[in-house]
file target-v6.json (JSON, C-alpha atoms and all ligand atoms)
[["chain", "number", "residue", "atom", "x", "y", "z"],
["A", 1, "MET", "CA", 1.32, 8.78, -11.57],
["A", 2, "LEU", "CA", 3.55, 7.36, -8.85],
["A", 3, "LEU", "CA", 4.35, 3.67, -8.47],
["A", 4, "GLY", "CA", 4.94, 2.46, -4.93],
["A", 5, "VAL", "CA", 6.48, -1.01, -4.86],
["A", 6, "ASN", "CA", 5.66, -3.25, -1.92],
["A", 7, "VAL", "CA", 8.59, -5.59, -1.19],
["A", 8, "ASP", "CA", 6.98, -7.55, 1.68],
["A", 9, "HIS", "CA", 7.05, -10.81, -0.21],
["A", 10, "VAL", "CA", 10.82, -10.69, -0.60],
["A", 11, "ALA", "CA", 10.82, -10.98, 3.18],
["A", 12, "THR", "CA", 8.16, -13.72, 2.97],
["A", 13, "VAL", "CA", 10.67, -15.90, 1.06],
["A", 14, "ARG", "CA", 13.45, -15.06, 3.51],
["A", 15, "GLU", "CA", 11.31, -15.82, 6.56],
["A", 16, "ALA", "CA", 10.20, -19.15, 5.08],
["A", 17, "ARG", "CA", 13.72, -20.37, 5.90],
["A", 18, "ARG", "CA", 14.70, -17.77, 8.53],
["A", 19, "GLU", "CA", 17.61, -16.96, 6.20],
["A", 20, "ILE", "CA", 19.42, -13.72, 5.47],
["A", 21, "GLU", "CA", 18.42, -13.73, 1.79],
["A", 22, "PRO", "CA", 16.60, -12.46, -0.16],
["A", 23, "ASP", "CA", 16.95, -9.03, 1.42],
["A", 24, "PRO", "CA", 14.06, -6.55, 1.00],
["A", 25, "LEU", "CA", 16.58, -3.68, 1.03],
["A", 26, "THR", "CA", 18.44, -5.09, -1.99],
["A", 27, "ALA", "CA", 15.08, -5.60, -3.74],
["A", 28, "ALA", "CA", 14.13, -2.01, -2.90],
["A", 29, "GLU", "CA", 17.43, -0.73, -4.34],
["A", 30, "LEU", "CA", 16.79, -2.65, -7.58],
["A", 31, "ALA", "CA", 13.18, -1.39, -7.67],
["A", 32, "VAL", "CA", 14.55, 2.16, -7.50],
["A", 33, "ARG", "CA", 16.73, 1.37, -10.53],
["A", 34, "GLY", "CA", 13.64, 0.07, -12.32],
["A", 35, "GLY", "CA", 11.89, 3.41, -11.79],
["A", 36, "ALA", "CA", 9.89, 2.93, -8.56],
["A", 37, "ASP", "CA", 8.75, 6.20, -7.01],
["A", 38, "GLY", "CA", 8.26, 4.71, -3.58],
["A", 39, "ILE", "CA", 8.82, 1.60, -1.47],
["A", 40, "THR", "CA", 6.12, 0.16, 0.77],
["A", 41, "LEU", "CA", 6.76, -2.06, 3.78],
["A", 42, "HIS", "CA", 3.93, -3.57, 5.79],
["A", 43, "LEU", "CA", 5.16, -4.19, 9.33],
["A", 44, "ARG", "CA", 2.54, -6.66, 10.50],
["A", 45, "GLU", "CA", 1.88, -7.21, 14.18],
["A", 46, "ASP", "CA", 2.83, -10.90, 13.79],
["A", 47, "ARG", "CA", 6.06, -9.95, 11.87],
["A", 48, "ARG", "CA", 5.34, -12.69, 9.33],
["A", 49, "HIS", "CA", 7.47, -11.03, 6.65],
["A", 50, "ILE", "CA", 8.95, -7.56, 7.19],
["A", 51, "GLN", "CA", 10.91, -7.21, 10.45],
["A", 52, "ASP", "CA", 11.62, -4.02, 12.40],
["A", 53, "LYS", "CA", 15.24, -4.05, 11.23],
["A", 54, "ASP", "CA", 14.09, -4.04, 7.57],
["A", 55, "VAL", "CA", 12.13, -0.85, 8.15],
["A", 56, "ILE", "CA", 15.15, 0.82, 9.77],
["A", 57, "LYS", "CA", 17.53, -0.31, 6.99],
["A", 58, "VAL", "CA", 15.23, 0.80, 4.17],
["A", 59, "ARG", "CA", 14.59, 4.15, 5.90],
["A", 60, "ARG", "CA", 18.36, 4.73, 6.14],
["A", 61, "LYS", "CA", 19.33, 3.65, 2.64],
["A", 62, "ILE", "CA", 16.45, 4.48, 0.32],
["A", 63, "ALA", "CA", 15.93, 8.07, -0.74],
["A", 64, "ILE", "CA", 12.53, 7.70, -2.45],
["A", 65, "GLU", "CA", 9.19, 7.77, -0.60],
["A", 66, "LEU", "CA", 8.92, 5.20, 2.19],
["A", 67, "ASN", "CA", 5.32, 4.21, 2.85],
["A", 68, "LEU", "CA", 4.92, 2.31, 6.12],
["A", 69, "GLU", "CA", 1.78, 0.19, 6.13],
["A", 70, "MET", "CA", 0.54, -0.68, 9.58],
["A", 71, "ALA", "CA", -2.39, -1.29, 11.89],
["A", 72, "ALA", "CA", -3.58, 1.63, 14.03],
["A", 73, "THR", "CA", -2.12, 0.24, 17.26],
["A", 74, "LYS", "CA", -0.09, 1.92, 19.98],
["A", 75, "GLU", "CA", 2.98, -0.20, 19.19],
["A", 76, "MET", "CA", 2.89, 0.68, 15.49],
["A", 77, "ILE", "CA", 2.27, 4.39, 16.13],
["A", 78, "ASN", "CA", 5.39, 4.44, 18.32],
["A", 79, "ILE", "CA", 7.44, 2.72, 15.63],
["A", 80, "ALA", "CA", 6.19, 5.15, 12.96],
["A", 81, "LEU", "CA", 7.10, 8.14, 15.12],
["A", 82, "ARG", "CA", 10.58, 6.71, 15.69],
["A", 83, "VAL", "CA", 11.30, 5.68, 12.09],
["A", 84, "ARG", "CA", 9.59, 8.68, 10.45],
["A", 85, "PRO", "CA", 8.56, 7.22, 7.08],
["A", 86, "ASP", "CA", 7.46, 9.67, 4.37],
["A", 87, "MET", "CA", 3.90, 8.46, 4.80],
["A", 88, "VAL", "CA", 1.89, 5.93, 6.77],
["A", 89, "THR", "CA", -0.95, 3.85, 5.36],
["A", 90, "LEU", "CA", -3.32, 2.54, 8.01],
["A", 91, "VAL", "CA", -4.71, -0.89, 7.16],
["A", 92, "PRO", "CA", -6.96, -3.38, 8.94],
["A", 93, "GLU", "CA", -5.11, -6.45, 10.14],
["A", 94, "LYS", "CA", -6.39, -9.91, 10.96],
["A", 95, "ARG", "CA", -3.98, -12.56, 12.08],
["A", 96, "ALA", "CA", -5.40, -15.38, 9.97],
["A", 97, "GLU", "CA", -5.67, -13.44, 6.69],
["A", 98, "LEU", "CA", -3.36, -14.19, 3.76],
["A", 99, "THR", "CA", -3.26, -10.52, 2.79],
["A", 100, "THR", "CA", -5.15, -7.32, 3.65],
["A", 101, "GLU", "CA", -8.64, -8.48, 2.77],
["A", 102, "GLY", "CA", -10.72, -5.33, 2.81],
["A", 103, "GLY", "CA", -10.57, -1.66, 3.58],
["A", 104, "LEU", "CA", -10.63, -0.21, 7.09],
["A", 105, "ASP", "CA", -13.85, -0.34, 9.06],
["A", 106, "LEU", "CA", -14.10, 3.39, 9.69],
["A", 107, "ILE", "CA", -17.22, 3.06, 11.82],
["A", 108, "GLN", "CA", -16.07, 0.41, 14.30],
["A", 109, "GLY", "CA", -12.46, 1.61, 14.25],
["A", 110, "ARG", "CA", -13.24, 5.32, 14.20],
["A", 111, "ARG", "CA", -11.66, 6.29, 17.55],
["A", 112, "LYS", "CA", -8.48, 4.27, 17.08],
["A", 113, "ILE", "CA", -8.02, 5.52, 13.54],
["A", 114, "LYS", "CA", -8.65, 9.14, 14.50],
["A", 115, "HIS", "CA", -6.13, 8.82, 17.34],
["A", 116, "ALA", "CA", -3.51, 7.35, 14.97],
["A", 117, "ILE", "CA", -4.09, 10.12, 12.41],
["A", 118, "ASP", "CA", -3.78, 12.82, 15.06],
["A", 119, "MET", "CA", -0.61, 11.32, 16.54],
["A", 120, "ILE", "CA", 1.13, 10.72, 13.21],
["A", 121, "GLN", "CA", 0.04, 13.72, 11.18],
["A", 122, "GLY", "CA", 0.55, 15.84, 14.30],
["A", 123, "ARG", "CA", 4.24, 14.97, 13.91],
["A", 124, "GLY", "CA", 4.28, 15.94, 10.25],
["A", 125, "ILE", "CA", 3.88, 12.51, 8.61],
["A", 126, "PRO", "CA", 0.97, 12.27, 6.13],
["A", 127, "VAL", "CA", -1.51, 9.47, 6.76],
["A", 128, "SER", "CA", -3.39, 7.52, 4.11],
["A", 129, "LEU", "CA", -6.42, 5.35, 4.94],
["A", 130, "PHE", "CA", -6.85, 2.11, 3.00],
["A", 131, "ILE", "CA", -10.59, 2.09, 2.27],
["A", 132, "ASN", "CA", -13.16, 0.30, 0.18],
["A", 133, "PRO", "CA", -14.42, 2.23, -2.86],
["A", 134, "SER", "CA", -17.40, 3.69, -1.04],
["A", 135, "ILE", "CA", -18.60, 7.27, -0.91],
["A", 136, "SER", "CA", -19.36, 7.10, 2.80],
["A", 137, "ASP", "CA", -15.81, 5.87, 3.54],
["A", 138, "ILE", "CA", -14.44, 8.82, 1.56],
["A", 139, "GLU", "CA", -16.60, 11.19, 3.59],
["A", 140, "ILE", "CA", -15.56, 9.66, 6.92],
["A", 141, "SER", "CA", -11.88, 9.74, 5.87],
["A", 142, "LYS", "CA", -12.24, 13.46, 5.24],
["A", 143, "GLU", "CA", -14.01, 14.00, 8.58],
["A", 144, "LEU", "CA", -11.26, 12.12, 10.39],
["A", 145, "GLY", "CA", -8.69, 14.50, 8.91],
["A", 146, "ALA", "CA", -6.59, 12.05, 6.86],
["A", 147, "GLN", "CA", -4.52, 13.69, 4.15],
["A", 148, "MET", "CA", -4.80, 10.75, 1.76],
["A", 149, "VAL", "CA", -6.77, 7.64, 0.99],
["A", 150, "GLU", "CA", -5.90, 4.48, -0.91],
["A", 151, "ILE", "CA", -8.87, 2.93, -2.67],
["A", 152, "HIS", "CA", -8.95, -0.88, -2.42],
["A", 153, "THR", "CA", -8.93, -2.28, -5.96],
["A", 154, "GLY", "CA", -9.03, -5.94, -4.88],
["A", 155, "LEU", "CA", -12.65, -6.53, -5.81],
["A", 156, "TYR", "CA", -12.11, -4.93, -9.21],
["A", 157, "ALA", "CA", -9.04, -7.13, -9.72],
["A", 158, "ASN", "CA", -10.71, -10.35, -8.65],
["A", 159, "THR", "CA", -14.04, -10.20, -10.46],
["A", 160, "LYS", "CA", -14.97, -10.81, -14.08],
["A", 161, "GLY", "CA", -17.48, -9.61, -16.66],
["A", 162, "ARG", "CA", -20.26, -7.23, -15.66],
["A", 163, "LYS", "CA", -19.25, -7.24, -12.01],
["A", 164, "LYS", "CA", -15.77, -6.04, -13.02],
["A", 165, "THR", "CA", -17.26, -3.12, -14.97],
["A", 166, "GLU", "CA", -19.39, -2.23, -11.94],
["A", 167, "GLU", "CA", -16.40, -2.40, -9.61],
["A", 168, "LEU", "CA", -14.37, -0.15, -11.91],
["A", 169, "ALA", "CA", -17.22, 2.36, -11.88],
["A", 170, "ARG", "CA", -17.26, 2.26, -8.05],
["A", 171, "VAL", "CA", -13.51, 2.89, -7.92],
["A", 172, "LYS", "CA", -13.81, 5.82, -10.34],
["A", 173, "LYS", "CA", -16.70, 7.34, -8.40],
["A", 174, "ALA", "CA", -14.79, 7.06, -5.12],
["A", 175, "VAL", "CA", -11.71, 8.67, -6.70],
["A", 176, "ARG", "CA", -13.79, 11.59, -8.00],
["A", 177, "ARG", "CA", -15.46, 12.13, -4.64],
["A", 178, "GLY", "CA", -12.12, 11.95, -2.84],
["A", 179, "LEU", "CA", -10.55, 14.52, -5.12],
["A", 180, "ALA", "CA", -13.59, 16.79, -4.86],
["A", 181, "SER", "CA", -13.32, 16.74, -1.08],
["A", 182, "GLY", "CA", -9.65, 17.70, -1.20],
["A", 183, "LEU", "CA", -8.09, 14.32, -0.38],
["A", 184, "GLN", "CA", -5.07, 12.95, -2.22],
["A", 185, "VAL", "CA", -6.23, 9.68, -3.71],
["A", 186, "ASN", "CA", -4.19, 6.53, -4.35],
["A", 187, "ALA", "CA", -5.25, 3.01, -5.33],
["A", 188, "GLY", "CA", -3.94, -0.49, -4.88],
["A", 189, "HIS", "CA", -4.34, -4.20, -4.21],
["A", 190, "GLY", "CA", -4.52, -7.03, -6.70],
["A", 191, "LEU", "CA", -3.11, -4.97, -9.57],
["A", 192, "ASN", "CA", -1.00, -6.75, -12.18],
["A", 193, "PHE", "CA", 0.31, -6.31, -15.73],
["A", 194, "SER", "CA", -3.11, -7.22, -17.18],
["A", 195, "ASN", "CA", -5.47, -5.15, -15.05],
["A", 196, "VAL", "CA", -3.40, -2.09, -14.12],
["A", 197, "THR", "CA", -4.11, -0.05, -17.24],
["A", 198, "LYS", "CA", -7.79, 0.72, -16.56],
["A", 199, "ILE", "CA", -6.96, 1.87, -13.04],
["A", 200, "ALA", "CA", -3.94, 3.89, -14.19],
["A", 201, "ALA", "CA", -6.20, 5.67, -16.68],
["A", 202, "ILE", "CA", -8.34, 7.17, -13.87],
["A", 203, "LYS", "CA", -7.73, 10.90, -13.85],
["A", 204, "GLY", "CA", -6.38, 12.55, -10.75],
["A", 205, "LEU", "CA", -5.00, 9.47, -9.00],
["A", 206, "ARG", "CA", -1.79, 10.29, -7.20],
["A", 207, "GLY", "CA", -0.25, 6.82, -7.15],
["A", 208, "LEU", "CA", -0.64, 3.06, -7.35],
["A", 209, "TYR", "CA", 0.67, 0.68, -4.69],
["A", 210, "ILE", "CA", 1.59, -2.73, -6.07],
["A", 211, "GLY", "CA", 3.33, -5.72, -4.49],
["A", 212, "HIS", "CA", 2.51, -9.32, -5.25],
["A", 213, "SER", "CA", 2.48, -9.19, -9.03],
["A", 214, "ILE", "CA", 5.78, -7.31, -9.25],
["A", 215, "ILE", "CA", 7.51, -9.67, -6.84],
["A", 216, "ALA", "CA", 5.99, -12.72, -8.58],
["A", 217, "ASN", "CA", 7.24, -11.54, -11.99],
["A", 218, "SER", "CA", 10.65, -10.79, -10.49],
["A", 219, "ILE", "CA", 11.18, -14.54, -10.25],
["A", 220, "TYR", "CA", 10.99, -14.72, -14.04],
["A", 221, "ILE", "CA", 12.53, -11.45, -15.18],
["A", 222, "GLY", "CA", 14.11, -9.79, -12.14],
["A", 223, "ILE", "CA", 12.65, -7.00, -10.03],
["A", 224, "GLU", "CA", 14.25, -4.15, -11.97],
["A", 225, "LYS", "CA", 12.59, -5.27, -15.21],
["A", 226, "ALA", "CA", 9.28, -6.08, -13.51],
["A", 227, "VAL", "CA", 9.13, -2.57, -12.03],
["A", 228, "LYS", "CA", 10.13, -1.04, -15.38],
["A", 229, "GLU", "CA", 7.33, -2.92, -17.14],
["A", 230, "MET", "CA", 4.71, -1.91, -14.55],
["A", 231, "LYS", "CA", 5.88, 1.70, -14.77],
["A", 232, "ARG", "CA", 5.65, 1.57, -18.59],
["A", 233, "LEU", "CA", 2.07, 0.28, -18.45],
["A", 234, "ILE", "CA", 1.11, 2.96, -15.93],
["A", 235, "ASN", "CA", 2.74, 5.71, -17.98],
["A", 236, "ILE", "CA", 1.05, 4.75, -21.27],
["A", 237, "SER", "CA", -2.35, 4.55, -19.56],
["A", 238, "SER", "CA", -2.16, 7.70, -17.50],
["A", 239, "THR", "CA", -1.08, 10.09, -20.27],
["A", 301, "LIG", "N1", -2.07, -1.50, -0.73],
["A", 301, "LIG", "C1", -2.29, -2.01, 0.51],
["A", 301, "LIG", "C2", -2.87, -1.10, 1.53],
["A", 301, "LIG", "C3", -1.97, -3.34, 0.81],
["A", 301, "LIG", "O1", -2.22, -3.82, 2.04],
["A", 301, "LIG", "C4", -1.37, -4.13, -0.18],
["A", 301, "LIG", "C5", -0.98, -5.55, 0.15],
["A", 301, "LIG", "O2", 0.05, -5.56, 1.05],
["A", 301, "LIG", "C6", -1.15, -3.56, -1.44],
["A", 301, "LIG", "C7", -1.54, -2.27, -1.70],
["A", 301, "LIG", "C8", -0.51, -4.33, -2.54],
["A", 301, "LIG", "O3", -1.37, -5.35, -2.93],
["A", 301, "LIG", "P1", -0.83, -6.48, -3.91],
["A", 301, "LIG", "O4", 0.23, -7.21, -3.18],
["A", 301, "LIG", "O5", -2.05, -7.29, -4.20],
["A", 301, "LIG", "O6", -0.29, -5.76, -5.12]]
call {"tool": "encode", "arguments": {"input": "target-v6.json", "output": "structure tokens"}}
result
Amino acid sequence: MLLGVNVDHVATVREARREIEPDPLTAAELAVRGGADGITLHLREDRRHIQDKDVIKVRRKIAIELNLEMAATKEMINIALRVRPDMVTLVPEKRAELTTEGGLDLIQGRRKIKHAIDMIQGRGIPVSLFINPSISDIEISKELGAQMVEIHTGLYANTKGRKKTEELARVKKAVRRGLASGLQVNAGHGLNFSNVTKIAAIKGLRGLYIGHSIIANSIYIGIEKAVKEMKRLINISST
């Protein structure tokens, strides 16, 4: 199972002081040493952390999978077609949110999302849709022609007790339905050293996309070790 490491919050620290350090590219290089299979950058419309130049630098210097997370807007589609990441993950974006709060609204956003998929996949870059663990969202993702989906694990991560068991069951069901319909299925959001194992144990998942917890633990143990530890937990659970 692949581990994609999201280094946005390295840029969050840098932008807090408009400094030149810490550099997301250096963090990405160390994540590669720790065993990351991919690097994710979310270029937000408000540029609150990752900047355009970060995307260009990481694209040039990093050989592993670059996953560009973005909203399905004209500006972002143009950037994706210029930079040519290895994959694009379409996410909903609200200016006031602290992080991506939920999956895409595939009903309201249907036309925009379909247009983005056609433009980006039409140029040979696979598109993943970040969706809630719902069967209807899996079905719409398939209808829209996306190659991949990423199931939002945030609710699973943030609940406790019986609700957590129910959320895990929803994630598993969505993964099964996605695989059965021929989609490649990833998962992510809110995963950390304590809760990753049950998600990593789900059969057929292609990869996990993890940011905050790895960057947070990097403050204590360094990013290379934090990635190594996450990779170890994923490997023991997925075999
Ligand atoms: N996947 C997607 C689509 C996201 O938007 C994010 C957050 O940027 C993540 C995964 C990683 O979530 P977290 O930072 O909670 O690990």
call {"tool": "residues_near_ligand", "arguments": {"input": "target-v6.json", "ligand": "ligand LIG 301 (chain A)", "cutoff": "6 Å", "atoms": "all atoms listed in the file", "output": "PyMOL selection string"}}
result
chain A and resi 91+100+130+188-191+209-213
call {"tool": "residues_around", "arguments": {"input": "target-v6.json", "residues": "Ile223 (chain A)", "least_positions_apart": "4", "cutoff": "8 Å", "atoms": "only C-alpha atoms", "output": "count of residues only"}}
result
10
call {"tool": "atom_distance", "arguments": {"input": "target-v6.json", "atom1": "CA of Asn158 (chain A)", "atom2": "CA of Pro92 (chain A)"}}
result
19.3 Å
call {"tool": "atom_distance", "arguments": {"input": "target-v6.json", "atom1": "CA of Ile140 (chain A)", "atom2": "CA of Arg177 (chain A)"}}
result
11.8 Å
call {"tool": "residues_around", "arguments": {"input": "target-v6.json", "residues": "Lys228 (chain A)", "least_positions_apart": "2", "cutoff": "8 Å", "atoms": "all atoms listed in the file", "output": "list in words"}}
result
Gly34, Gly35, Ala36, Glu224, Lys225, Ala226, Met230, Lys231 and Arg232 of chain A
call {"tool": "decode", "arguments": {"input": "target-v6.json", "residues": "region 121-163 of chain A", "atoms": "C-alpha atoms", "output": "PDB file, in the first residue's frame"}}
result
ATOM      1  CA  GLN A 121      -7.426  12.994 -17.870  1.00  0.00           C
ATOM      2  CA  GLY A 122      -7.761  13.992 -21.527  1.00  0.00           C
ATOM      3  CA  ARG A 123      -4.119  15.086 -21.248  1.00  0.00           C
ATOM      4  CA  GLY A 124      -3.056  11.805 -19.683  1.00  0.00           C
ATOM      5  CA  ILE A 125      -3.044  12.768 -15.975  1.00  0.00           C
ATOM      6  CA  PRO A 126      -5.163  10.483 -13.746  1.00  0.00           C
ATOM      7  CA  VAL A 127      -7.771  12.223 -11.602  1.00  0.00           C
ATOM      8  CA  SER A 128      -8.869  11.154  -8.139  1.00  0.00           C
ATOM      9  CA  LEU A 129     -12.051  12.508  -6.509  1.00  0.00           C
ATOM     10  CA  PHE A 130     -11.989  13.120  -2.761  1.00  0.00           C
ATOM     11  CA  ILE A 131     -15.376  11.783  -1.664  1.00  0.00           C
ATOM     12  CA  ASN A 132     -17.299  10.864   1.446  1.00  0.00           C
ATOM     13  CA  PRO A 133     -17.642   7.125   2.117  1.00  0.00           C
ATOM     14  CA  SER A 134     -20.984   6.841   0.359  1.00  0.00           C
ATOM     15  CA  ILE A 135     -22.114   4.328  -2.237  1.00  0.00           C
ATOM     16  CA  SER A 136     -23.867   6.966  -4.324  1.00  0.00           C
ATOM     17  CA  ASP A 137     -20.680   9.084  -4.448  1.00  0.00           C
ATOM     18  CA  ILE A 138     -18.770   6.030  -5.664  1.00  0.00           C
ATOM     19  CA  GLU A 139     -21.365   5.481  -8.378  1.00  0.00           C
ATOM     20  CA  ILE A 140     -21.306   9.123  -9.489  1.00  0.00           C
ATOM     21  CA  SER A 141     -17.478   9.120  -9.511  1.00  0.00           C
ATOM     22  CA  LYS A 142     -17.588   6.157 -11.872  1.00  0.00           C
ATOM     23  CA  GLU A 143     -20.203   7.836 -14.085  1.00  0.00           C
ATOM     24  CA  LEU A 144     -18.090  10.986 -14.267  1.00  0.00           C
ATOM     25  CA  GLY A 145     -15.175   8.921 -15.570  1.00  0.00           C
ATOM     26  CA  ALA A 146     -12.634   9.488 -12.772  1.00  0.00           C
ATOM     27  CA  GLN A 147      -9.867   6.914 -12.655  1.00  0.00           C
ATOM     28  CA  MET A 148      -9.523   7.031  -8.871  1.00  0.00           C
ATOM     29  CA  VAL A 149     -11.260   8.075  -5.701  1.00  0.00           C
ATOM     30  CA  GLU A 150      -9.955   8.944  -2.248  1.00  0.00           C
ATOM     31  CA  ILE A 151     -12.346   8.028   0.524  1.00  0.00           C
ATOM     32  CA  HIS A 152     -12.555  10.671   3.276  1.00  0.00           C
ATOM     33  CA  THR A 153     -11.588   9.023   6.570  1.00  0.00           C
ATOM     34  CA  GLY A 154     -12.044  12.175   8.670  1.00  0.00           C
ATOM     35  CA  LEU A 155     -15.281  11.084  10.315  1.00  0.00           C
ATOM     36  CA  TYR A 156     -13.793   7.701  11.156  1.00  0.00           C
ATOM     37  CA  ALA A 157     -10.741   9.437  12.626  1.00  0.00           C
ATOM     38  CA  ASN A 158     -12.700  11.948  14.675  1.00  0.00           C
ATOM     39  CA  THR A 159     -15.388   9.800  16.258  1.00  0.00           C
ATOM     40  CA  LYS A 160     -15.302   7.369  19.157  1.00  0.00           C
ATOM     41  CA  GLY A 161     -16.981   4.161  20.302  1.00  0.00           C
ATOM     42  CA  ARG A 162     -19.885   2.728  18.330  1.00  0.00           C
ATOM     43  CA  LYS A 163     -19.921   5.599  15.870  1.00  0.00           C
TER      44      LYS A 163
END
